[in-house]
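A.B. asks: First the structure, which I've put down as structure tokens, then a few questions once you've had a look.
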Amino acid sequence: MRSVRITDSTGVAQARRTAQSLGESVGLDSVAGGRLALVATELGSNVLKHGGGGELIVAVAGHGIDVLALDRGPGMVDVAACMADGYSTSGTPGNGLGAVRRLAQQFHVASWPGRGTAVLAHVSETGLADDLPAPIAAVVVPKPGEESCGDSWSCHEDAQGRTLFVVDGIGHGPEAARAAHEAVLAFQRHREAAVGDIIEAVHQALRPTRGAAVAVARIDWASSSIAFAGLGNIGSVAVPRQGPLKRMVSHNGTAGHTARRIQSFDYPCGEGLIVMYSDGIGNNWSFDPYPGLVLMPPRLVAGVLYRDAARGRDDAAVLVARTTRP
């Protein structure tokens with residue numbers, strides 16, 4: 001996953017190059033690569049023209065590439081009208097979003113007046129409309145000025161349920177990234193264990209590292225419940241389609257160093273989302289200002305929360321997953 005800040009036209013060019021490079025790394029052919037470059041250029045230009053600047057996040061997604069454009073501009077009163085070719089508020093021909101919709105195999109917009117706009121476009125090699133967006137997605141961005149990211153995530157899915165893992169290596173930079181990497185490896189080795197046992201295994205694996213905050217959530221299809229265990233300050237929230245958020249309980253400690261108590265808790269969950277995030281994301285957010293966001297693709301949800309709740313002084317990770325069987 002790569003992030004490009006866009007404050008002027010050079011940022012748009014960098015976003016295009018970044019998207020092309022990532023597309024080449026997953027084997028997109030020249031035709032799909034060309035579509036991807038145009039998508040990144042159009043979305044970057046829109047962020048600059050209509051949002052006053054923002055950020056493009058480019059990530060591998062299945063057999064293609066997701067391009068996520070985030071801005072804090074005026075937002076859209078009427079998304080459908082803004083999608084029509086010829087519509088413009090900046091004196092341009094007004095073909096940007098319409099062009100992206102035609103070039104991409106998935107296309108989604110989240111915008112609210114006064115709260116900016118988030119656009120998600122997925123480009124794959126087929127050129128045909130893809131299936132529904134992935135039910136699990138994340139936005140993970142290093143601290144500004146850092147190349148390595150100490151935040152990471154992983155997941156596992158089987159016939160019984162879906163298991164999610166988030167790690168925040170202590171501090172930032174290469175050593176934090178190493179701790180996160182070791183934690184993910186330990187999770188993958190023990191991913192079918194009970195959530196408390198996974199945390200214990202990660203705790204033991206991280207002893208040679210600087211340590212990390214970690215959390216595991218297991219969604220069980222049969223019981224419509226979430227088993228959760230956490231060590232340190234990974235935030236985890238169940239977000240129902242209707243009703244209040246339910247925040248989950250982690251114990252104090254640092255995996256690899258201090259774990260006085262590892263305990264799992266069970267939470268009921270119906271249709272909706274689970275959001276897990278590192279302490280690079282603030283806690284004072286809700287879905288109330290974003291009508292309809294809970295129904296949108298997980299990558300788009302993660303992008304909106306990252307955009308509006310990131311502290312800006314640490315690595316940041318937001319993992320979003322659906323709580324119902326695919």
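Starting from 1 in every chain, residues are counted up; chains themselves are A, B, ... following the order of the structure tokens, and ligands are numbered from 1 as listed.
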May I have the residues within 9 Å of Leu128 in chain A as a ChimeraX atom specification, using only C-alpha atoms and disregarding those fewer than 3 positions away in the same chain?

C.D. replies: /A:104-105,124-125

A.B. asks: Extract, using only C-alpha atoms, all DNA, RNA and protein residues at most 12 Å from Ala259 in chain A, discarding same-chain residues fewer than 3 positions from it, and format them as a PyMOL selection string.

C.D. replies: chain A and resi 196+199-204+206-207+211-214+230-232+250-256+262-263

A.B. asks: Give me the residues within 10 Å of range 22-28 of chain A as a PDB file with N, CA and C atoms, in the first residue's frame, counting only C-alpha atoms and dropping any in the same chain fewer than 3 places off.

C.D. replies:
```
ATOM      1  N   MET A   1       0.849  -1.182   0.000  1.00  0.00           N
ATOM      2  CA  MET A   1       0.000   0.000   0.000  1.00  0.00           C
ATOM      3  C   MET A   1       0.886   1.235   0.000  1.00  0.00           C
ATOM      4  N   ARG A   2       0.538   2.210  -0.851  1.00  0.00           N
ATOM      5  CA  ARG A   2       1.345   3.420  -0.953  1.00  0.00           C
ATOM      6  C   ARG A   2       0.434   4.644  -0.893  1.00  0.00           C
ATOM      7  N   ARG A  17       2.467   7.848 -11.306  1.00  0.00           N
ATOM      8  CA  ARG A  17       3.636   6.967 -11.350  1.00  0.00           C
ATOM      9  C   ARG A  17       3.532   5.872 -10.303  1.00  0.00           C
ATOM     10  N   THR A  18       3.053   6.218  -9.127  1.00  0.00           N
ATOM     11  CA  THR A  18       2.915   5.235  -8.051  1.00  0.00           C
ATOM     12  C   THR A  18       1.925   4.146  -8.440  1.00  0.00           C
ATOM     13  N   ALA A  19       0.810   4.542  -9.011  1.00  0.00           N
ATOM     14  CA  ALA A  19      -0.195   3.564  -9.439  1.00  0.00           C
ATOM     15  C   ALA A  19       0.361   2.670 -10.534  1.00  0.00           C
ATOM     16  N   VAL A  31      -2.694  -2.489 -21.326  1.00  0.00           N
ATOM     17  CA  VAL A  31      -4.021  -1.889 -21.439  1.00  0.00           C
ATOM     18  C   VAL A  31      -4.579  -1.542 -20.060  1.00  0.00           C
ATOM     19  N   ALA A  32      -4.548  -2.521 -19.147  1.00  0.00           N
ATOM     20  CA  ALA A  32      -5.037  -2.268 -17.793  1.00  0.00           C
ATOM     21  C   ALA A  32      -4.170  -1.222 -17.097  1.00  0.00           C
ATOM     22  N   GLY A  33      -2.857  -1.276 -17.346  1.00  0.00           N
ATOM     23  CA  GLY A  33      -1.966  -0.282 -16.757  1.00  0.00           C
ATOM     24  C   GLY A  33      -2.281   1.122 -17.239  1.00  0.00           C
ATOM     25  N   GLY A  34      -2.654   1.234 -18.502  1.00  0.00           N
ATOM     26  CA  GLY A  34      -3.043   2.538 -19.031  1.00  0.00           C
ATOM     27  C   GLY A  34      -4.319   3.055 -18.382  1.00  0.00           C
ATOM     28  N   LEU A  36      -5.376   2.242 -15.412  1.00  0.00           N
ATOM     29  CA  LEU A  36      -5.022   2.569 -14.034  1.00  0.00           C
ATOM     30  C   LEU A  36      -4.355   3.941 -13.952  1.00  0.00           C
ATOM     31  N   ALA A  37      -3.455   4.229 -14.875  1.00  0.00           N
ATOM     32  CA  ALA A  37      -2.778   5.526 -14.881  1.00  0.00           C
ATOM     33  C   ALA A  37      -3.774   6.665 -15.077  1.00  0.00           C
ATOM     34  N   VAL A  58      -2.982   3.900  -2.868  1.00  0.00           N
ATOM     35  CA  VAL A  58      -3.005   2.871  -3.902  1.00  0.00           C
ATOM     36  C   VAL A  58      -2.642   1.541  -3.253  1.00  0.00           C
ATOM     37  N   ALA A  59      -3.464   0.507  -3.495  1.00  0.00           N
ATOM     38  CA  ALA A  59      -3.251  -0.770  -2.816  1.00  0.00           C
ATOM     39  C   ALA A  59      -3.600  -1.932  -3.735  1.00  0.00           C
ATOM     40  N   VAL A  60      -2.876  -3.034  -3.576  1.00  0.00           N
ATOM     41  CA  VAL A  60      -3.225  -4.276  -4.268  1.00  0.00           C
ATOM     42  C   VAL A  60      -4.532  -4.793  -3.687  1.00  0.00           C
ATOM     43  N   ALA A  61      -5.443  -5.222  -4.562  1.00  0.00           N
ATOM     44  CA  ALA A  61      -6.741  -5.752  -4.129  1.00  0.00           C
ATOM     45  C   ALA A  61      -7.122  -6.887  -5.069  1.00  0.00           C
ATOM     46  N   GLY A  62      -7.006  -8.121  -4.580  1.00  0.00           N
ATOM     47  CA  GLY A  62      -7.308  -9.263  -5.431  1.00  0.00           C
ATOM     48  C   GLY A  62      -6.359  -9.315  -6.613  1.00  0.00           C
ATOM     49  N   HIS A  63      -6.936  -9.354  -7.831  1.00  0.00           N
ATOM     50  CA  HIS A  63      -6.122  -9.398  -9.046  1.00  0.00           C
ATOM     51  C   HIS A  63      -5.974  -8.023  -9.680  1.00  0.00           C
ATOM     52  N   GLY A  64      -6.253  -6.973  -8.915  1.00  0.00           N
ATOM     53  CA  GLY A  64      -6.152  -5.633  -9.450  1.00  0.00           C
ATOM     54  C   GLY A  64      -5.637  -4.656  -8.419  1.00  0.00           C
ATOM     55  N   ILE A  65      -5.940  -3.377  -8.658  1.00  0.00           N
ATOM     56  CA  ILE A  65      -5.452  -2.290  -7.831  1.00  0.00           C
ATOM     57  C   ILE A  65      -6.612  -1.410  -7.405  1.00  0.00           C
ATOM     58  N   ASP A  66      -6.658  -1.075  -6.120  1.00  0.00           N
ATOM     59  CA  ASP A  66      -7.590  -0.078  -5.604  1.00  0.00           C
ATOM     60  C   ASP A  66      -6.902   1.282  -5.589  1.00  0.00           C
ATOM     61  N   VAL A 123      -9.291  -1.206 -10.451  1.00  0.00           N
ATOM     62  CA  VAL A 123      -8.923  -1.495 -11.839  1.00  0.00           C
ATOM     63  C   VAL A 123      -8.312  -2.885 -11.902  1.00  0.00           C
ATOM     64  N   SER A 124      -8.865  -3.730 -12.772  1.00  0.00           N
ATOM     65  CA  SER A 124      -8.319  -5.071 -12.960  1.00  0.00           C
ATOM     66  C   SER A 124      -8.046  -5.282 -14.436  1.00  0.00           C
ATOM     67  N   GLU A 125      -7.424  -6.421 -14.750  1.00  0.00           N
ATOM     68  CA  GLU A 125      -6.982  -6.667 -16.114  1.00  0.00           C
ATOM     69  C   GLU A 125      -8.124  -7.042 -17.046  1.00  0.00           C
ATOM     70  N   THR A 126      -9.234  -7.565 -16.505  1.00  0.00           N
ATOM     71  CA  THR A 126     -10.304  -8.053 -17.373  1.00  0.00           C
ATOM     72  C   THR A 126     -10.996  -6.937 -18.137  1.00  0.00           C
TER      73      THR A 126
END
```

A.B. asks: Under the rule that only C-alpha atoms are counted, which of A:Tyr290, A:Pro268, A:Ser278, A:Arg189 is the nearest residue to Asn233 in chain A?

C.D. replies: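 Under the stated criterion, the closest residue is A:Ser278.
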
A.B. asks: One number please: CA of Val304 in chain A to CA of Trp153 in chain A, in Å, one decimal.

C.D. replies: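 Taking CA of Val304 in chain A and CA of Trp153 in chain A, their separation equals 18.2 Å.
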
A.B. asks: Set the distance at 12 Å and use only C-alpha atoms: which residues neighbour Pro244 in chain A once local chain neighbours fewer than 3 positions away are removed? I'd like the list as a list in words.

C.D. replies: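 Final neighbour list, sorted by chain and number: Val237, Ala238, Val239, Pro240, Arg241, Arg247, Cys269, Gly272, Ser286, Phe287 and Asp288 of chain A.
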
A.B. asks: Any chance you could tabulate, as a Markdown table, the residues of range 281-325 of chain A at most 8 Å from range 109-112 of chain A with each one's nearest atom pair and distance in Å to one decimal, using only C-alpha atoms, in chain and rising number order?

C.D. replies:
```
| residue | atom | partner | partner_atom | distance |
| --- | --- | --- | --- | --- |
| A:Tyr290 | CA | A:Trp112 | CA | 7.0 |
| A:Leu293 | CA | A:Ala110 | CA | 7.3 |
| A:Met296 | CA | A:Ala110 | CA | 8.0 |
| A:Leu300 | CA | A:Ala110 | CA | 7.6 |
```

A.B. asks: Based on the selection just made, write all heavy atoms of those residues as a short mmCIF file (atom, residue, chain, number, x, y, z; two decimals), in the first residue's frame.

C.D. replies:
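The file below, out16.cif, is the result:
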```cif
data_model
loop_
_atom_site.label_atom_id
_atom_site.label_comp_id
_atom_site.auth_asym_id
_atom_site.auth_seq_id
_atom_site.Cartn_x
_atom_site.Cartn_y
_atom_site.Cartn_z
N TYR A 290 -21.92 10.57 8.93
CA TYR A 290 -21.73 9.99 7.60
C TYR A 290 -22.90 9.05 7.26
O TYR A 290 -22.75 7.83 7.26
CB TYR A 290 -20.43 9.19 7.53
CG TYR A 290 -19.22 9.91 8.10
CD1 TYR A 290 -18.68 9.55 9.33
CD2 TYR A 290 -18.62 10.95 7.39
CE1 TYR A 290 -17.58 10.20 9.85
CE2 TYR A 290 -17.51 11.60 7.90
CZ TYR A 290 -16.99 11.23 9.14
OH TYR A 290 -15.90 11.88 9.64
N LEU A 293 -22.65 5.40 5.43
CA LEU A 293 -21.27 4.91 5.34
C LEU A 293 -21.16 3.44 5.71
O LEU A 293 -20.36 2.70 5.12
CB LEU A 293 -20.35 5.74 6.24
CG LEU A 293 -18.86 5.38 6.21
CD1 LEU A 293 -18.27 5.58 4.82
CD2 LEU A 293 -18.09 6.21 7.24
N MET A 296 -21.19 1.04 2.82
CA MET A 296 -20.22 1.22 1.74
C MET A 296 -19.08 0.21 1.83
O MET A 296 -18.92 -0.47 2.84
CB MET A 296 -19.71 2.66 1.76
CG MET A 296 -20.81 3.66 1.43
SD MET A 296 -20.23 5.37 1.39
CE MET A 296 -21.78 6.20 1.02
N LEU A 300 -13.45 1.90 1.48
CA LEU A 300 -13.92 3.28 1.49
C LEU A 300 -14.21 3.73 2.92
O LEU A 300 -13.87 4.86 3.31
CB LEU A 300 -15.19 3.39 0.63
CG LEU A 300 -15.60 4.79 0.18
CD1 LEU A 300 -14.50 5.46 -0.61
CD2 LEU A 300 -16.87 4.71 -0.64
#
```

A.B. asks: Could you tell me how far CA of Ala118 in chain A sits from CA of Thr41 in chain A, in Å to one decimal place?

C.D. replies: 15.2 Å

A.B. asks: Got a sec: who's within 9 Å of range 67-79 of chain A, counting only C-alpha atoms, leaving out chain neighbours fewer than 6 positions off, as number ranges by chain?

C.D. replies: A: 19, 36, 39-40, 43-44, 46-48, 50-59, 109-123, 299-300, 303-304, 307-308

A.B. asks: Applying 12 Å and only C-alpha atoms, which residues near Phe187 in chain A remain after dropping the ones on its own chain fewer than 2 positions away? List them as number ranges by chain.

C.D. replies: A: 152-156, 163-167, 180-185, 189-206, 214-217

A.B. asks: Could you turn the residues from that selection into a file that holds N, CA and C atoms, as a compact mmCIF listing (two decimals), in the first residue's frame?

C.D. replies:
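Result file is out.txt:
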```
# COMPACT_ATOMS: atom_id res chain seq x y z
N SER A 152 0.37 -3.03 11.07
CA SER A 152 0.07 -4.03 10.05
C SER A 152 -1.20 -4.79 10.45
N TRP A 153 -1.61 -5.70 9.58
CA TRP A 153 -2.83 -6.46 9.85
C TRP A 153 -2.78 -7.77 9.07
N SER A 154 -3.67 -8.68 9.42
CA SER A 154 -3.81 -9.92 8.69
C SER A 154 -5.21 -10.46 8.95
N CYS A 155 -5.56 -11.53 8.27
CA CYS A 155 -6.89 -12.12 8.46
C CYS A 155 -6.87 -13.58 8.02
N HIS A 156 -7.89 -14.28 8.45
CA HIS A 156 -8.08 -15.68 8.08
C HIS A 156 -9.57 -15.94 8.00
N THR A 163 -11.40 -14.34 11.05
CA THR A 163 -10.52 -13.89 12.12
C THR A 163 -9.69 -12.71 11.63
N LEU A 164 -9.62 -11.66 12.45
CA LEU A 164 -8.96 -10.42 12.09
C LEU A 164 -7.87 -10.10 13.10
N PHE A 165 -6.77 -9.54 12.62
CA PHE A 165 -5.62 -9.25 13.48
C PHE A 165 -5.04 -7.89 13.12
N VAL A 166 -4.78 -7.07 14.15
CA VAL A 166 -4.14 -5.77 13.95
C VAL A 166 -3.00 -5.65 14.94
N VAL A 167 -1.87 -5.10 14.49
CA VAL A 167 -0.69 -4.92 15.32
C VAL A 167 -0.14 -3.52 15.13
N ALA A 180 6.04 -5.63 13.97
CA ALA A 180 4.75 -5.89 13.32
C ALA A 180 4.83 -7.10 12.41
N HIS A 181 5.93 -7.20 11.68
CA HIS A 181 6.12 -8.33 10.76
C HIS A 181 6.15 -9.66 11.53
N GLU A 182 6.88 -9.70 12.62
CA GLU A 182 6.95 -10.92 13.42
C GLU A 182 5.58 -11.26 14.01
N ALA A 183 4.83 -10.25 14.40
CA ALA A 183 3.49 -10.49 14.96
C ALA A 183 2.56 -11.10 13.93
N VAL A 184 2.62 -10.60 12.70
CA VAL A 184 1.77 -11.15 11.64
C VAL A 184 2.14 -12.60 11.36
N LEU A 185 3.44 -12.90 11.33
CA LEU A 185 3.87 -14.29 11.11
C LEU A 185 3.35 -15.20 12.21
N ARG A 189 0.66 -18.41 11.94
CA ARG A 189 0.97 -19.76 12.42
C ARG A 189 -0.11 -20.29 13.36
N HIS A 190 -0.77 -19.41 14.09
CA HIS A 190 -1.73 -19.84 15.12
C HIS A 190 -3.14 -19.35 14.83
N ARG A 191 -3.43 -19.03 13.59
CA ARG A 191 -4.67 -18.34 13.24
C ARG A 191 -5.93 -19.14 13.52
N GLU A 192 -5.83 -20.46 13.67
CA GLU A 192 -7.01 -21.27 13.95
C GLU A 192 -7.22 -21.53 15.43
N ALA A 193 -6.36 -20.98 16.27
CA ALA A 193 -6.50 -21.14 17.72
C ALA A 193 -7.55 -20.18 18.26
N ALA A 194 -7.91 -20.33 19.53
CA ALA A 194 -8.79 -19.38 20.20
C ALA A 194 -8.10 -18.02 20.27
N VAL A 195 -8.89 -16.95 20.33
CA VAL A 195 -8.30 -15.61 20.22
C VAL A 195 -7.31 -15.33 21.35
N GLY A 196 -7.61 -15.77 22.58
CA GLY A 196 -6.67 -15.56 23.67
C GLY A 196 -5.37 -16.32 23.46
N ASP A 197 -5.46 -17.51 22.91
CA ASP A 197 -4.25 -18.29 22.63
C ASP A 197 -3.42 -17.66 21.52
N ILE A 198 -4.09 -17.03 20.56
CA ILE A 198 -3.34 -16.31 19.52
C ILE A 198 -2.54 -15.17 20.13
N ILE A 199 -3.18 -14.40 21.01
CA ILE A 199 -2.48 -13.29 21.66
C ILE A 199 -1.28 -13.80 22.46
N GLU A 200 -1.44 -14.91 23.16
CA GLU A 200 -0.33 -15.49 23.93
C GLU A 200 0.81 -15.91 23.01
N ALA A 201 0.48 -16.51 21.87
CA ALA A 201 1.51 -16.94 20.93
C ALA A 201 2.25 -15.74 20.34
N VAL A 202 1.53 -14.68 20.02
CA VAL A 202 2.16 -13.46 19.51
C VAL A 202 3.05 -12.84 20.59
N HIS A 203 2.57 -12.83 21.82
CA HIS A 203 3.34 -12.29 22.94
C HIS A 203 4.69 -13.01 23.05
N GLN A 204 4.69 -14.31 22.96
CA GLN A 204 5.94 -15.07 23.05
C GLN A 204 6.85 -14.80 21.85
N ALA A 205 6.25 -14.69 20.67
CA ALA A 205 7.04 -14.48 19.45
C ALA A 205 7.73 -13.12 19.43
N LEU A 206 7.16 -12.14 20.13
CA LEU A 206 7.69 -10.77 20.08
C LEU A 206 8.73 -10.47 21.15
N VAL A 214 -1.50 -5.42 20.23
CA VAL A 214 -2.10 -6.38 19.30
C VAL A 214 -3.55 -6.65 19.70
N ALA A 215 -4.34 -7.05 18.72
CA ALA A 215 -5.73 -7.42 18.99
C ALA A 215 -6.19 -8.44 17.96
N VAL A 216 -7.05 -9.36 18.41
CA VAL A 216 -7.62 -10.39 17.54
C VAL A 216 -9.12 -10.41 17.74
N ALA A 217 -9.86 -10.48 16.63
CA ALA A 217 -11.32 -10.62 16.68
C ALA A 217 -11.73 -11.78 15.80
```

A.B. asks: Among the residues of range 186-271 of chain A, find those DSSP assigns to strand (DSSP E) from the backbone and print them as a ChimeraX atom specification.

C.D. replies: /A:212-220,225-231,235-240,246-247,264-268

A.B. asks: What's the separation between CA of Ile170 in chain A and CA of Gly282 in chain A, in Å to one decimal place?

C.D. replies: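 For CA of Ile170 in chain A relative to CA of Gly282 in chain A, the distance reads 16.8 Å.
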
A.B. asks: Which of these, A:Val100, A:Val139, A:Val275, A:Ala129, has the shortest distance to Ser3 in chain A once you count only C-alpha atoms?

C.D. replies: A:Val139
